[in-house]
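Engineer: Next up, start12.json (JSON, C-alpha atoms).
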[["chain", "number", "residue", "atom", "x", "y", "z"],
["A", 1, "MET", "CA", -23.63, 25.83, -29.50],
["A", 2, "GLN", "CA", -21.74, 28.13, -27.17],
["A", 3, "ILE", "CA", -22.27, 29.37, -23.61],
["A", 4, "SER", "CA", -19.85, 31.79, -21.98],
["A", 5, "LYS", "CA", -19.57, 34.20, -19.09],
["A", 6, "TYR", "CA", -17.20, 37.13, -18.56],
["A", 7, "MET", "CA", -16.18, 38.08, -15.04],
["A", 8, "LEU", "CA", -15.08, 41.23, -13.22],
["A", 9, "ALA", "CA", -12.64, 41.35, -10.31],
["A", 10, "ASN", "CA", -12.07, 44.08, -7.73],
["A", 11, "GLU", "CA", -8.77, 45.09, -6.12],
["A", 12, "ARG", "CA", -9.34, 42.78, -3.14],
["A", 13, "ASP", "CA", -9.94, 39.83, -5.51],
["A", 14, "GLU", "CA", -6.67, 40.60, -7.29],
["A", 15, "ARG", "CA", -4.76, 40.48, -4.01],
["A", 16, "TRP", "CA", -5.91, 36.85, -3.70],
["A", 17, "GLY", "CA", -3.35, 36.06, -6.39],
["A", 18, "LEU", "CA", -5.58, 34.63, -9.10],
["A", 19, "THR", "CA", -8.79, 35.95, -10.68],
["A", 20, "VAL", "CA", -11.03, 34.44, -13.34],
["A", 21, "THR", "CA", -11.89, 36.51, -16.40],
["A", 22, "THR", "CA", -13.99, 34.21, -18.59],
["A", 23, "ILE", "CA", -15.41, 30.72, -18.67],
["A", 24, "GLY", "CA", -17.41, 28.83, -21.25],
["A", 25, "HIS", "CA", -18.24, 25.71, -23.22],
["A", 26, "GLU", "CA", -18.92, 25.10, -26.87],
["A", 27, "LYS", "CA", -19.75, 22.20, -29.14],
["A", 28, "ILE", "CA", -18.77, 22.63, -32.78],
["A", 29, "MET", "CA", -20.51, 20.27, -35.18],
["A", 30, "PRO", "CA", -18.85, 19.10, -38.43],
["A", 31, "GLY", "CA", -18.87, 21.90, -40.99],
["A", 32, "GLU", "CA", -19.87, 24.65, -38.55],
["A", 33, "PRO", "CA", -17.95, 27.95, -38.86],
["A", 34, "TYR", "CA", -15.21, 28.62, -36.35],
["A", 35, "PRO", "CA", -14.52, 30.67, -34.29],
["A", 36, "THR", "CA", -18.11, 31.06, -33.11],
["A", 37, "LYS", "CA", -19.69, 34.48, -32.73],
["A", 38, "GLY", "CA", -20.60, 36.12, -29.45],
["A", 39, "HIS", "CA", -17.15, 36.53, -27.92],
["A", 40, "ALA", "CA", -16.27, 39.78, -26.15],
["A", 41, "ASP", "CA", -13.78, 42.23, -27.63],
["A", 42, "GLY", "CA", -10.25, 40.89, -27.53],
["A", 43, "TYR", "CA", -11.31, 37.23, -27.55],
["A", 44, "TYR", "CA", -12.61, 36.66, -31.10],
["A", 45, "PHE", "CA", -9.85, 36.02, -33.64],
["A", 46, "ASP", "CA", -9.21, 35.36, -37.31],
["A", 47, "LEU", "CA", -7.72, 31.86, -37.73],
["A", 48, "SER", "CA", -5.15, 32.98, -40.28],
["A", 49, "LYS", "CA", -3.96, 35.88, -38.13],
["A", 50, "GLY", "CA", -4.27, 34.30, -34.70],
["A", 51, "ARG", "CA", -4.33, 36.44, -31.58],
["A", 52, "VAL", "CA", -2.47, 37.51, -28.44],
["A", 53, "LEU", "CA", -4.26, 37.55, -25.06],
["A", 54, "ASN", "CA", -3.39, 39.47, -21.90],
["A", 55, "GLU", "CA", -4.39, 36.49, -19.72],
["A", 56, "TYR", "CA", -3.98, 32.74, -19.38],
["A", 57, "GLN", "CA", -6.63, 30.36, -20.70],
["A", 58, "LEU", "CA", -6.91, 26.66, -19.99],
["A", 59, "LEU", "CA", -8.92, 24.66, -22.52],
["A", 60, "TYR", "CA", -10.05, 21.04, -22.42],
["A", 61, "ASN", "CA", -11.33, 19.09, -25.41],
["A", 62, "PRO", "CA", -12.97, 15.85, -24.25],
["A", 63, "GLU", "CA", -14.23, 15.12, -27.78],
["A", 64, "GLY", "CA", -13.09, 15.85, -31.32],
["A", 65, "GLU", "CA", -9.76, 16.81, -32.85],
["A", 66, "GLY", "CA", -8.14, 19.99, -34.02],
["A", 67, "VAL", "CA", -4.96, 21.94, -34.64],
["A", 68, "PHE", "CA", -2.92, 24.25, -32.41],
["A", 69, "HIS", "CA", 0.17, 26.38, -33.02],
["A", 70, "SER", "CA", 1.81, 29.29, -31.28],
["A", 71, "ALA", "CA", 4.91, 31.46, -31.28],
["A", 72, "SER", "CA", 6.72, 28.75, -29.28],
["A", 73, "VAL", "CA", 5.23, 25.59, -30.82],
["A", 74, "LYS", "CA", 4.93, 24.52, -34.44],
["A", 75, "GLU", "CA", 1.57, 23.21, -35.66],
["A", 76, "ARG", "CA", 0.39, 20.34, -33.46],
["A", 77, "ARG", "CA", -2.64, 18.09, -33.72],
["A", 78, "LEU", "CA", -5.07, 18.25, -30.81],
["A", 79, "ARG", "CA", -6.49, 14.87, -29.80],
["A", 80, "PRO", "CA", -9.59, 14.00, -27.78],
["A", 81, "GLY", "CA", -8.64, 14.32, -24.12],
["A", 82, "ASP", "CA", -6.11, 17.14, -24.65],
["A", 83, "MET", "CA", -5.85, 20.19, -22.42],
["A", 84, "PHE", "CA", -3.89, 23.19, -23.65],
["A", 85, "LEU", "CA", -2.74, 26.34, -21.93],
["A", 86, "LEU", "CA", -2.59, 29.76, -23.56],
["A", 87, "PHE", "CA", -0.11, 32.28, -22.14],
["A", 88, "PRO", "CA", -0.41, 36.08, -21.96],
["A", 89, "GLY", "CA", 1.59, 37.86, -24.62],
["A", 90, "GLU", "CA", 2.03, 34.61, -26.61],
["A", 91, "TRP", "CA", 0.71, 34.57, -30.17],
["A", 92, "HIS", "CA", -1.43, 31.49, -30.92],
["A", 93, "SER", "CA", -4.13, 30.07, -33.15],
["A", 94, "TYR", "CA", -6.23, 26.90, -32.95],
["A", 95, "HIS", "CA", -9.33, 25.38, -34.50],
["A", 96, "PRO", "CA", -11.32, 22.13, -34.63],
["A", 97, "GLY", "CA", -10.88, 19.56, -37.37],
["A", 98, "THR", "CA", -13.48, 18.55, -39.92],
["A", 99, "ARG", "CA", -15.33, 16.43, -37.36],
["A", 100, "GLY", "CA", -15.77, 19.35, -34.96],
["A", 101, "TRP", "CA", -15.09, 19.22, -31.23],
["A", 102, "GLU", "CA", -16.36, 19.90, -27.74],
["A", 103, "SER", "CA", -14.35, 22.41, -25.75],
["A", 104, "TYR", "CA", -14.36, 23.89, -22.23],
["A", 105, "TRP", "CA", -12.29, 26.95, -21.35],
["A", 106, "ILE", "CA", -11.50, 29.20, -18.44],
["A", 107, "GLY", "CA", -9.46, 32.42, -18.51],
["A", 108, "PHE", "CA", -7.52, 33.78, -15.54],
["A", 109, "LYS", "CA", -4.59, 35.95, -14.45],
["A", 110, "GLY", "CA", -2.56, 36.73, -11.35],
["A", 111, "VAL", "CA", 0.76, 36.38, -9.55],
["A", 112, "ASN", "CA", -0.21, 32.89, -8.36],
["A", 113, "ILE", "CA", 0.08, 31.47, -11.87],
["A", 114, "ASP", "CA", 2.91, 33.84, -12.87],
["A", 115, "GLU", "CA", 5.09, 32.32, -10.14],
["A", 116, "ARG", "CA", 4.46, 28.78, -11.40],
["A", 117, "VAL", "CA", 5.54, 29.81, -14.87],
["A", 118, "LYS", "CA", 8.69, 31.47, -13.46],
["A", 119, "ALA", "CA", 9.44, 28.27, -11.52],
["A", 120, "GLY", "CA", 9.23, 26.23, -14.73],
["A", 121, "PHE", "CA", 6.17, 24.16, -13.85],
["A", 122, "LEU", "CA", 4.33, 25.57, -16.87],
["A", 123, "SER", "CA", 5.86, 26.85, -20.10],
["A", 124, "PRO", "CA", 4.77, 28.21, -23.50],
["A", 125, "SER", "CA", 7.11, 25.60, -25.01],
["A", 126, "LYS", "CA", 4.86, 22.83, -23.61],
["A", 127, "PRO", "CA", 1.28, 24.08, -23.82],
["A", 128, "ILE", "CA", -0.47, 20.75, -24.55],
["A", 129, "TYR", "CA", -1.22, 18.06, -21.94],
["A", 130, "HIS", "CA", -2.87, 14.78, -22.86],
["A", 131, "ILE", "CA", -4.97, 13.51, -19.95],
["A", 132, "GLY", "CA", -7.69, 11.49, -21.72],
["A", 133, "PHE", "CA", -11.36, 11.76, -20.82],
["A", 134, "SER", "CA", -11.97, 12.85, -17.23],
["A", 135, "ASP", "CA", -15.37, 13.35, -15.61],
["A", 136, "GLY", "CA", -13.55, 15.14, -12.79],
["A", 137, "ILE", "CA", -12.13, 17.77, -15.15],
["A", 138, "VAL", "CA", -15.51, 18.33, -16.85],
["A", 139, "ASN", "CA", -17.26, 18.70, -13.49],
["A", 140, "LEU", "CA", -14.73, 21.31, -12.34],
["A", 141, "TYR", "CA", -15.40, 23.42, -15.44],
["A", 142, "ARG", "CA", -19.14, 23.10, -14.82],
["A", 143, "GLN", "CA", -18.74, 24.10, -11.16],
["A", 144, "ALA", "CA", -16.76, 27.16, -12.19],
["A", 145, "TYR", "CA", -19.41, 28.13, -14.75],
["A", 146, "ASP", "CA", -22.21, 27.74, -12.20],
["A", 147, "ALA", "CA", -20.28, 29.93, -9.75],
["A", 148, "ALA", "CA", -19.75, 32.55, -12.46],
["A", 149, "VAL", "CA", -23.44, 32.62, -13.33],
["A", 150, "GLU", "CA", -24.52, 32.86, -9.68],
["A", 151, "GLU", "CA", -21.98, 35.61, -8.90],
["A", 152, "ALA", "CA", -22.30, 35.00, -5.18],
["A", 153, "PRO", "CA", -20.06, 36.97, -2.76],
["A", 154, "TYR", "CA", -16.44, 35.80, -2.99],
["A", 155, "SER", "CA", -17.13, 33.75, -6.09],
["A", 156, "GLN", "CA", -13.73, 34.85, -7.45],
["A", 157, "GLN", "CA", -12.00, 33.01, -4.60],
["A", 158, "LEU", "CA", -14.10, 29.92, -5.28],
["A", 159, "MET", "CA", -13.28, 29.98, -8.99],
["A", 160, "ALA", "CA", -9.59, 30.60, -8.25],
["A", 161, "GLY", "CA", -9.61, 27.40, -6.21],
["A", 162, "ILE", "CA", -11.19, 25.54, -9.12],
["A", 163, "VAL", "CA", -8.52, 26.85, -11.51],
["A", 164, "ASN", "CA", -5.78, 25.64, -9.16],
["A", 165, "HIS", "CA", -7.52, 22.26, -8.95],
["A", 166, "LEU", "CA", -7.77, 22.04, -12.75],
["A", 167, "ILE", "CA", -4.08, 22.85, -13.23],
["A", 168, "GLY", "CA", -3.06, 20.40, -10.52],
["A", 169, "MET", "CA", -5.15, 17.61, -12.04],
["A", 170, "MET", "CA", -3.85, 18.36, -15.54],
["A", 171, "TYR", "CA", -0.23, 18.27, -14.37],
["A", 172, "SER", "CA", -0.67, 15.13, -12.27],
["A", 173, "LEU", "CA", -2.81, 13.14, -14.72],
["A", 174, "GLU", "CA", -0.46, 13.65, -17.65],
["A", 175, "ARG", "CA", 2.65, 12.72, -15.69],
["A", 176, "THR", "CA", 0.94, 9.63, -14.30],
["A", 177, "ASN", "CA", -0.24, 8.60, -17.77],
["A", 178, "GLU", "CA", 3.28, 9.10, -19.14],
["A", 179, "LEU", "CA", 4.78, 6.89, -16.48],
["A", 180, "LYS", "CA", 2.16, 4.20, -16.99],
["A", 181, "SER", "CA", 2.64, 4.26, -20.75],
["A", 182, "ARG", "CA", 6.37, 3.68, -20.36],
["A", 183, "SER", "CA", 5.98, 0.64, -18.19],
["A", 184, "GLN", "CA", 3.41, -0.39, -15.64],
["A", 185, "MET", "CA", 6.13, -2.56, -14.19],
["A", 186, "HIS", "CA", 8.14, 0.54, -13.26],
["A", 187, "VAL", "CA", 5.11, 2.15, -11.62],
["A", 188, "ASP", "CA", 4.46, -1.00, -9.59],
["A", 189, "MET", "CA", 8.13, -1.22, -8.61],
["A", 190, "ILE", "CA", 8.25, 2.35, -7.28],
["A", 191, "ASN", "CA", 5.01, 1.88, -5.34],
["A", 192, "LYS", "CA", 6.44, -1.31, -3.83],
["A", 193, "ALA", "CA", 9.70, 0.46, -2.98],
["A", 194, "ARG", "CA", 7.87, 3.36, -1.30],
["A", 195, "LEU", "CA", 5.95, 0.91, 0.87],
["A", 196, "ARG", "CA", 9.18, -0.96, 1.72],
["A", 197, "ILE", "CA", 10.87, 2.27, 2.80],
["A", 198, "ARG", "CA", 7.85, 3.46, 4.77],
["A", 199, "GLU", "CA", 7.57, 0.18, 6.68],
["A", 200, "SER", "CA", 11.29, 0.11, 7.54],
["A", 201, "LEU", "CA", 11.91, 3.56, 9.03],
["A", 202, "GLU", "CA", 13.23, 2.09, 12.29],
["A", 203, "SER", "CA", 15.54, -0.41, 10.61],
["A", 204, "SER", "CA", 18.95, -0.01, 9.03],
["A", 205, "LEU", "CA", 17.57, -0.58, 5.52],
["A", 206, "THR", "CA", 19.61, 1.31, 2.90],
["A", 207, "ILE", "CA", 18.44, 2.59, -0.46],
["A", 208, "GLN", "CA", 21.04, 0.35, -2.13],
["A", 209, "GLN", "CA", 19.36, -2.65, -0.47],
["A", 210, "VAL", "CA", 15.95, -1.51, -1.69],
["A", 211, "ALA", "CA", 17.30, -1.25, -5.25],
["A", 212, "GLU", "CA", 18.73, -4.77, -4.97],
["A", 213, "GLU", "CA", 15.39, -6.09, -3.72],
["A", 214, "MET", "CA", 13.67, -4.45, -6.69],
["A", 215, "GLY", "CA", 16.16, -6.11, -9.04],
["A", 216, "VAL", "CA", 17.57, -2.93, -10.62],
["A", 217, "SER", "CA", 20.81, -0.98, -10.37],
["A", 218, "TYR", "CA", 21.01, 1.81, -7.80],
["A", 219, "SER", "CA", 21.45, 4.52, -10.46],
["A", 220, "ASN", "CA", 18.45, 3.33, -12.48],
["A", 221, "PHE", "CA", 16.34, 2.94, -9.35],
["A", 222, "ARG", "CA", 17.22, 6.45, -8.17],
["A", 223, "LYS", "CA", 16.37, 7.94, -11.57],
["A", 224, "LEU", "CA", 12.98, 6.17, -11.80],
["A", 225, "PHE", "CA", 12.11, 6.94, -8.18],
["A", 226, "LYS", "CA", 12.80, 10.66, -8.56],
["A", 227, "GLU", "CA", 10.92, 10.79, -11.86],
["A", 228, "PHE", "CA", 7.85, 9.25, -10.23],
["A", 229, "THR", "CA", 7.89, 11.00, -6.83],
["A", 230, "GLY", "CA", 9.86, 14.19, -7.41],
["A", 231, "LEU", "CA", 12.30, 13.18, -4.63],
["A", 232, "SER", "CA", 15.40, 11.03, -4.53],
["A", 233, "PRO", "CA", 14.82, 7.80, -2.55],
["A", 234, "ALA", "CA", 17.33, 8.91, 0.11],
["A", 235, "VAL", "CA", 15.52, 12.23, 0.66],
["A", 236, "TYR", "CA", 12.17, 10.41, 0.66],
["A", 237, "GLN", "CA", 13.43, 8.04, 3.38],
["A", 238, "GLN", "CA", 14.93, 10.85, 5.44],
["A", 239, "ASP", "CA", 11.78, 13.00, 5.23],
["A", 240, "LEU", "CA", 9.66, 10.07, 6.42],
["A", 241, "ARG", "CA", 12.05, 9.46, 9.30],
["A", 242, "LEU", "CA", 11.86, 13.11, 10.31],
["A", 243, "GLN", "CA", 8.08, 12.94, 10.10],
["A", 244, "ARG", "CA", 8.17, 9.86, 12.36],
["A", 245, "ALA", "CA", 10.52, 11.70, 14.72],
["A", 246, "LYS", "CA", 7.91, 14.46, 15.14],
["A", 247, "GLU", "CA", 5.38, 11.82, 16.19],
["A", 248, "LEU", "CA", 7.77, 10.27, 18.70],
["A", 249, "LEU", "CA", 8.76, 13.65, 20.13],
["A", 250, "THR", "CA", 5.14, 14.63, 20.78],
["A", 251, "THR", "CA", 3.65, 11.28, 21.81],
["A", 252, "THR", "CA", 6.39, 9.46, 23.76],
["A", 253, "ASP", "CA", 8.89, 10.08, 26.57],
["A", 254, "MET", "CA", 11.82, 8.80, 24.50],
["A", 255, "SER", "CA", 14.89, 11.00, 24.68],
["A", 256, "ILE", "CA", 16.11, 12.85, 21.62],
["A", 257, "LYS", "CA", 19.15, 10.60, 21.60],
["A", 258, "GLU", "CA", 16.98, 7.45, 21.67],
["A", 259, "ILE", "CA", 14.81, 8.75, 18.83],
["A", 260, "ALA", "CA", 17.86, 9.63, 16.72],
["A", 261, "TYR", "CA", 19.34, 6.15, 17.02],
["A", 262, "GLN", "CA", 16.01, 4.32, 16.71],
["A", 263, "LEU", "CA", 15.45, 6.08, 13.38],
["A", 264, "ASN", "CA", 19.02, 5.32, 12.25],
["A", 265, "PHE", "CA", 20.48, 8.80, 12.12],
["A", 266, "ASP", "CA", 24.28, 8.85, 12.40],
["A", 267, "SER", "CA", 24.23, 10.81, 15.63],
["A", 268, "PRO", "CA", 21.87, 12.94, 17.77],
["A", 269, "ASP", "CA", 23.63, 16.10, 16.53],
["A", 270, "TYR", "CA", 23.14, 15.07, 12.89],
["A", 271, "PHE", "CA", 19.49, 14.28, 13.62],
["A", 272, "SER", "CA", 18.95, 17.66, 15.32],
["A", 273, "ALA", "CA", 20.57, 19.53, 12.43],
["A", 274, "LYS", "CA", 18.43, 17.79, 9.81],
["A", 275, "PHE", "CA", 15.31, 18.24, 11.94],
["A", 276, "LYS", "CA", 15.94, 21.99, 12.25],
["A", 277, "ILE", "CA", 16.49, 22.34, 8.49],
["A", 278, "LYS", "CA", 13.30, 20.43, 7.70],
["A", 279, "THR", "CA", 10.93, 21.87, 10.32],
["A", 280, "GLY", "CA", 12.49, 25.16, 11.37],
["A", 281, "HIS", "CA", 12.56, 23.97, 15.00],
["A", 282, "ARG", "CA", 14.97, 22.10, 17.25],
["A", 283, "PRO", "CA", 13.68, 18.70, 18.41],
["A", 284, "SER", "CA", 13.55, 19.96, 22.01],
["A", 285, "GLU", "CA", 11.07, 22.66, 20.99],
["A", 286, "LEU", "CA", 8.46, 20.04, 20.13],
["A", 287, "ARG", "CA", 8.49, 18.51, 23.59],
["A", 288, "ASN", "CA", 5.31, 19.04, 25.62],
["A", 289, "PRO", "CA", 5.96, 21.41, 28.54]]
Show the structure stored in the file as structure tokens.

Structural biologist:
Amino acid sequence: MQISKYMLANERDERWGLTVTTIGHEKIMPGEPYPTKGHADGYYFDLSKGRVLNEYQLLYNPEGEGVFHSASVKERRLRPGDMFLLFPGEWHSYHPGTRGWESYWIGFKGVNIDERVKAGFLSPSKPIYHIGFSDGIVNLYRQAYDAAVEEAPYSQQLMAGIVNHLIGMMYSLERTNELKSRSQMHVDMINKARLRIRESLESSLTIQQVAEEMGVSYSNFRKLFKEFTGLSPAVYQQDLRLQRAKELLTTTDMSIKEIAYQLNFDSPDYFSAKFKIKTGHRPSELRNP
């Protein structure tokens, strides 16, 4: 069983930065031929020869297993709960295993996604993401399909938002699952440390002290913290203090000097310099007239 929809985009849609080209869902029963018929030109492919697309496609298999390989990745088994991303200009081939599978897909293109690839967030060398079963992911594919069928005004912008949501969930869910699989204790420790830092912005608490309280070395703590949050603990603490400074500047009559020392910056000048780098404004510019 297969349902699919192919979309058109105008020049204004393309300026949005991401447009959807195709979306669909199929359920392949054991022994059924694959690929299924009914695909538009350029999408159907011979398994032995593979294919090259001129767009990205993001596929999610909540059920069943299969095989994937591409120009950048040797043959890999696809498990239930895998999402995999196809890249334009990248040769690939994939198919379900003997037990069949259920698969959702959405195709798209645009500078929005090109920039993420250039920045290294997404890469042909890592096309497969294991997220497990997710009702949220399935519902997003269904919402996109409904929008494609309805073809309401500005549906391209709606579907572009759904694609961004899908990619964000895929990226976040896999990284979270990886961290949890390594050690739930580490996840709990970083969450505890973040709370400790957040609750101590107006104290002289150092990151070294936080590491000691967590019972790990500073170097190990810093590595785990950055892996989990994307920021070093020192930058995380400083950014929170600058965020708190914005609140104090706009809601109190405290002087800039008082705010700098209350939030444990080395000096008012150092505070002002960091504040300007972070916000693009001097602290005095946030004062109410």

Engineer: With distances taken over all atoms listed in the file, which residue among A:Gly100, A:Gly107, A:Gly31, A:Pro88 lies nearest A:Leu18?

Structural biologist: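 Result for the nearest residue to A:Leu18: A:Gly107.
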
Engineer: So the first atom is atom CA of A:Gly97 and the second is atom CA of A:Arg51; what is the distance between them in Å, to one decimal place?

Structural biologist: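 Between atom CA of A:Gly97 and atom CA of A:Arg51 the gap is 19.0 Å.
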
Engineer: I'd like the neighbourhood of A:Ser200 as a PyMOL selection string, where a residue qualifies if any of its atoms comes within 10 Å (using all atoms listed in the file), though same-chain residues fewer than 5 positions away should be ignored.

Structural biologist: chain A and resi 195+205-206+237+241+263

Engineer: When you count all atoms listed in the file, which of these residues is closest to A:Thr36: A:Met170, A:Ile3, A:Ile113, A:Met159?

Structural biologist: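 Under the stated criterion, the closest residue is A:Ile3.
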
Engineer: In the coordinate frame of the file, compute which residues have an atom within 12 Å of (-11.5, 33.1, -24.3) when using all atoms listed in the file, and state them as a PDB file with C-alpha atoms, in the coordinates of the input.

Structural biologist:
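What follows is the written file result-v1.pdb:
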ATOM      1  CA  GLN A   2     -21.740  28.130 -27.170  1.00  0.00           C
ATOM      2  CA  ILE A   3     -22.270  29.370 -23.610  1.00  0.00           C
ATOM      3  CA  SER A   4     -19.850  31.790 -21.980  1.00  0.00           C
ATOM      4  CA  LYS A   5     -19.570  34.200 -19.090  1.00  0.00           C
ATOM      5  CA  TYR A   6     -17.200  37.130 -18.560  1.00  0.00           C
ATOM      6  CA  MET A   7     -16.180  38.080 -15.040  1.00  0.00           C
ATOM      7  CA  VAL A  20     -11.030  34.440 -13.340  1.00  0.00           C
ATOM      8  CA  THR A  21     -11.890  36.510 -16.400  1.00  0.00           C
ATOM      9  CA  THR A  22     -13.990  34.210 -18.590  1.00  0.00           C
ATOM     10  CA  ILE A  23     -15.410  30.720 -18.670  1.00  0.00           C
ATOM     11  CA  GLY A  24     -17.410  28.830 -21.250  1.00  0.00           C
ATOM     12  CA  HIS A  25     -18.240  25.710 -23.220  1.00  0.00           C
ATOM     13  CA  GLU A  26     -18.920  25.100 -26.870  1.00  0.00           C
ATOM     14  CA  PRO A  35     -14.520  30.670 -34.290  1.00  0.00           C
ATOM     15  CA  THR A  36     -18.110  31.060 -33.110  1.00  0.00           C
ATOM     16  CA  LYS A  37     -19.690  34.480 -32.730  1.00  0.00           C
ATOM     17  CA  GLY A  38     -20.600  36.120 -29.450  1.00  0.00           C
ATOM     18  CA  HIS A  39     -17.150  36.530 -27.920  1.00  0.00           C
ATOM     19  CA  ALA A  40     -16.270  39.780 -26.150  1.00  0.00           C
ATOM     20  CA  ASP A  41     -13.780  42.230 -27.630  1.00  0.00           C
ATOM     21  CA  GLY A  42     -10.250  40.890 -27.530  1.00  0.00           C
ATOM     22  CA  TYR A  43     -11.310  37.230 -27.550  1.00  0.00           C
ATOM     23  CA  TYR A  44     -12.610  36.660 -31.100  1.00  0.00           C
ATOM     24  CA  PHE A  45      -9.850  36.020 -33.640  1.00  0.00           C
ATOM     25  CA  ARG A  51      -4.330  36.440 -31.580  1.00  0.00           C
ATOM     26  CA  VAL A  52      -2.470  37.510 -28.440  1.00  0.00           C
ATOM     27  CA  LEU A  53      -4.260  37.550 -25.060  1.00  0.00           C
ATOM     28  CA  ASN A  54      -3.390  39.470 -21.900  1.00  0.00           C
ATOM     29  CA  GLU A  55      -4.390  36.490 -19.720  1.00  0.00           C
ATOM     30  CA  TYR A  56      -3.980  32.740 -19.380  1.00  0.00           C
ATOM     31  CA  GLN A  57      -6.630  30.360 -20.700  1.00  0.00           C
ATOM     32  CA  LEU A  58      -6.910  26.660 -19.990  1.00  0.00           C
ATOM     33  CA  LEU A  59      -8.920  24.660 -22.520  1.00  0.00           C
ATOM     34  CA  LEU A  85      -2.740  26.340 -21.930  1.00  0.00           C
ATOM     35  CA  LEU A  86      -2.590  29.760 -23.560  1.00  0.00           C
ATOM     36  CA  PHE A  87      -0.110  32.280 -22.140  1.00  0.00           C
ATOM     37  CA  PRO A  88      -0.410  36.080 -21.960  1.00  0.00           C
ATOM     38  CA  SER A  93      -4.130  30.070 -33.150  1.00  0.00           C
ATOM     39  CA  TYR A  94      -6.230  26.900 -32.950  1.00  0.00           C
ATOM     40  CA  SER A 103     -14.350  22.410 -25.750  1.00  0.00           C
ATOM     41  CA  TYR A 104     -14.360  23.890 -22.230  1.00  0.00           C
ATOM     42  CA  TRP A 105     -12.290  26.950 -21.350  1.00  0.00           C
ATOM     43  CA  ILE A 106     -11.500  29.200 -18.440  1.00  0.00           C
ATOM     44  CA  GLY A 107      -9.460  32.420 -18.510  1.00  0.00           C
ATOM     45  CA  PHE A 108      -7.520  33.780 -15.540  1.00  0.00           C
TER      46      PHE A 108
END

Engineer: Show me the residues around (1.5, 36.8, -32.3) - criterion: an atom at most 7 Å away, all atoms listed in the file counted - as a ChimeraX atom specification.

Structural biologist: /A:50-52,71,90-92

Engineer: Closest to A:Asp253 among A:Ser48, A:Asn191, A:Ser272, A:Ser284, using all atoms listed in the file?

Structural biologist: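 Comparing A:Ser48, A:Asn191, A:Ser272, A:Ser284 against A:Asp253, the winner is A:Ser284.
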
Engineer: Extract, using all atoms listed in the file, all DNA, RNA and protein residues at most 12 Å from A:Gly136, discarding same-chain residues fewer than 2 positions from it, and format them as a list in words.

Structural biologist: Tyr60, Pro62, Ile131, Gly132, Phe133, Ser134, Val138, Asn139, Leu140, Tyr141, Arg142, Gln143, Ile162, His165, Leu166, Gly168, Met169, Met170 and Leu173 of chain A

Engineer: Using Å and a single decimal, report how far atom CA of A:Gln184 sits from atom CA of A:Ser204.

Structural biologist: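 Taking atom CA of A:Ser204 as the start and atom CA of A:Gln184 as the end point, the length is 29.2 Å.
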
Engineer: Quick one: pull the distance between atom CA of A:Asp82 and atom CA of A:His130, Å, one decimal.

Structural biologist: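 According to the coordinates, atom CA of A:Asp82 and atom CA of A:His130 are separated by 4.4 Å.
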
Engineer: List the neighbours of A:Glu151 out to 12 Å using all atoms listed in the file; skip same-chain residues closer than 3 positions along the sequence, and give me the result as a VMD selection string.

Structural biologist: chain A and resid 5 to 9 20 144 to 148 154 to 159

Engineer: Between A:Thr98, A:Ser172, A:Asn10, A:Ser70, single out the one closest to A:Pro30, counting all atoms listed in the file.

Structural biologist: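 Checking each of A:Thr98, A:Ser172, A:Asn10, A:Ser70 against A:Pro30, counting all atoms listed in the file, the winner is A:Thr98.
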
Engineer: At a cut-off of 9 Å, using all atoms listed in the file, what residues contact stretch 210-224 of chain A? Leave out same-chain residues fewer than 2 positions from it and give the result as a ChimeraX atom specification.

Structural biologist: /A:186-187,189-190,192-193,196-197,205-208,226-229,232-234

Engineer: Skipping near chain neighbours, those fewer than 2 positions away, what residues fall within 7 Å of stretch 116-125 of chain A using only C-alpha atoms, listed as a list in words?

Structural biologist: Ser72, Val73, Phe87, Asn112, Ile113, Asp114 and Pro127 of chain A

Engineer: Here is a test: counting all atoms listed in the file, which residue of A:Lys274, A:Gly110, A:Arg287, A:Asp269 is nearest to A:Met254?

Structural biologist: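 Going through A:Lys274, A:Gly110, A:Arg287, A:Asp269 one by one, the smallest distance to A:Met254 is for A:Arg287.
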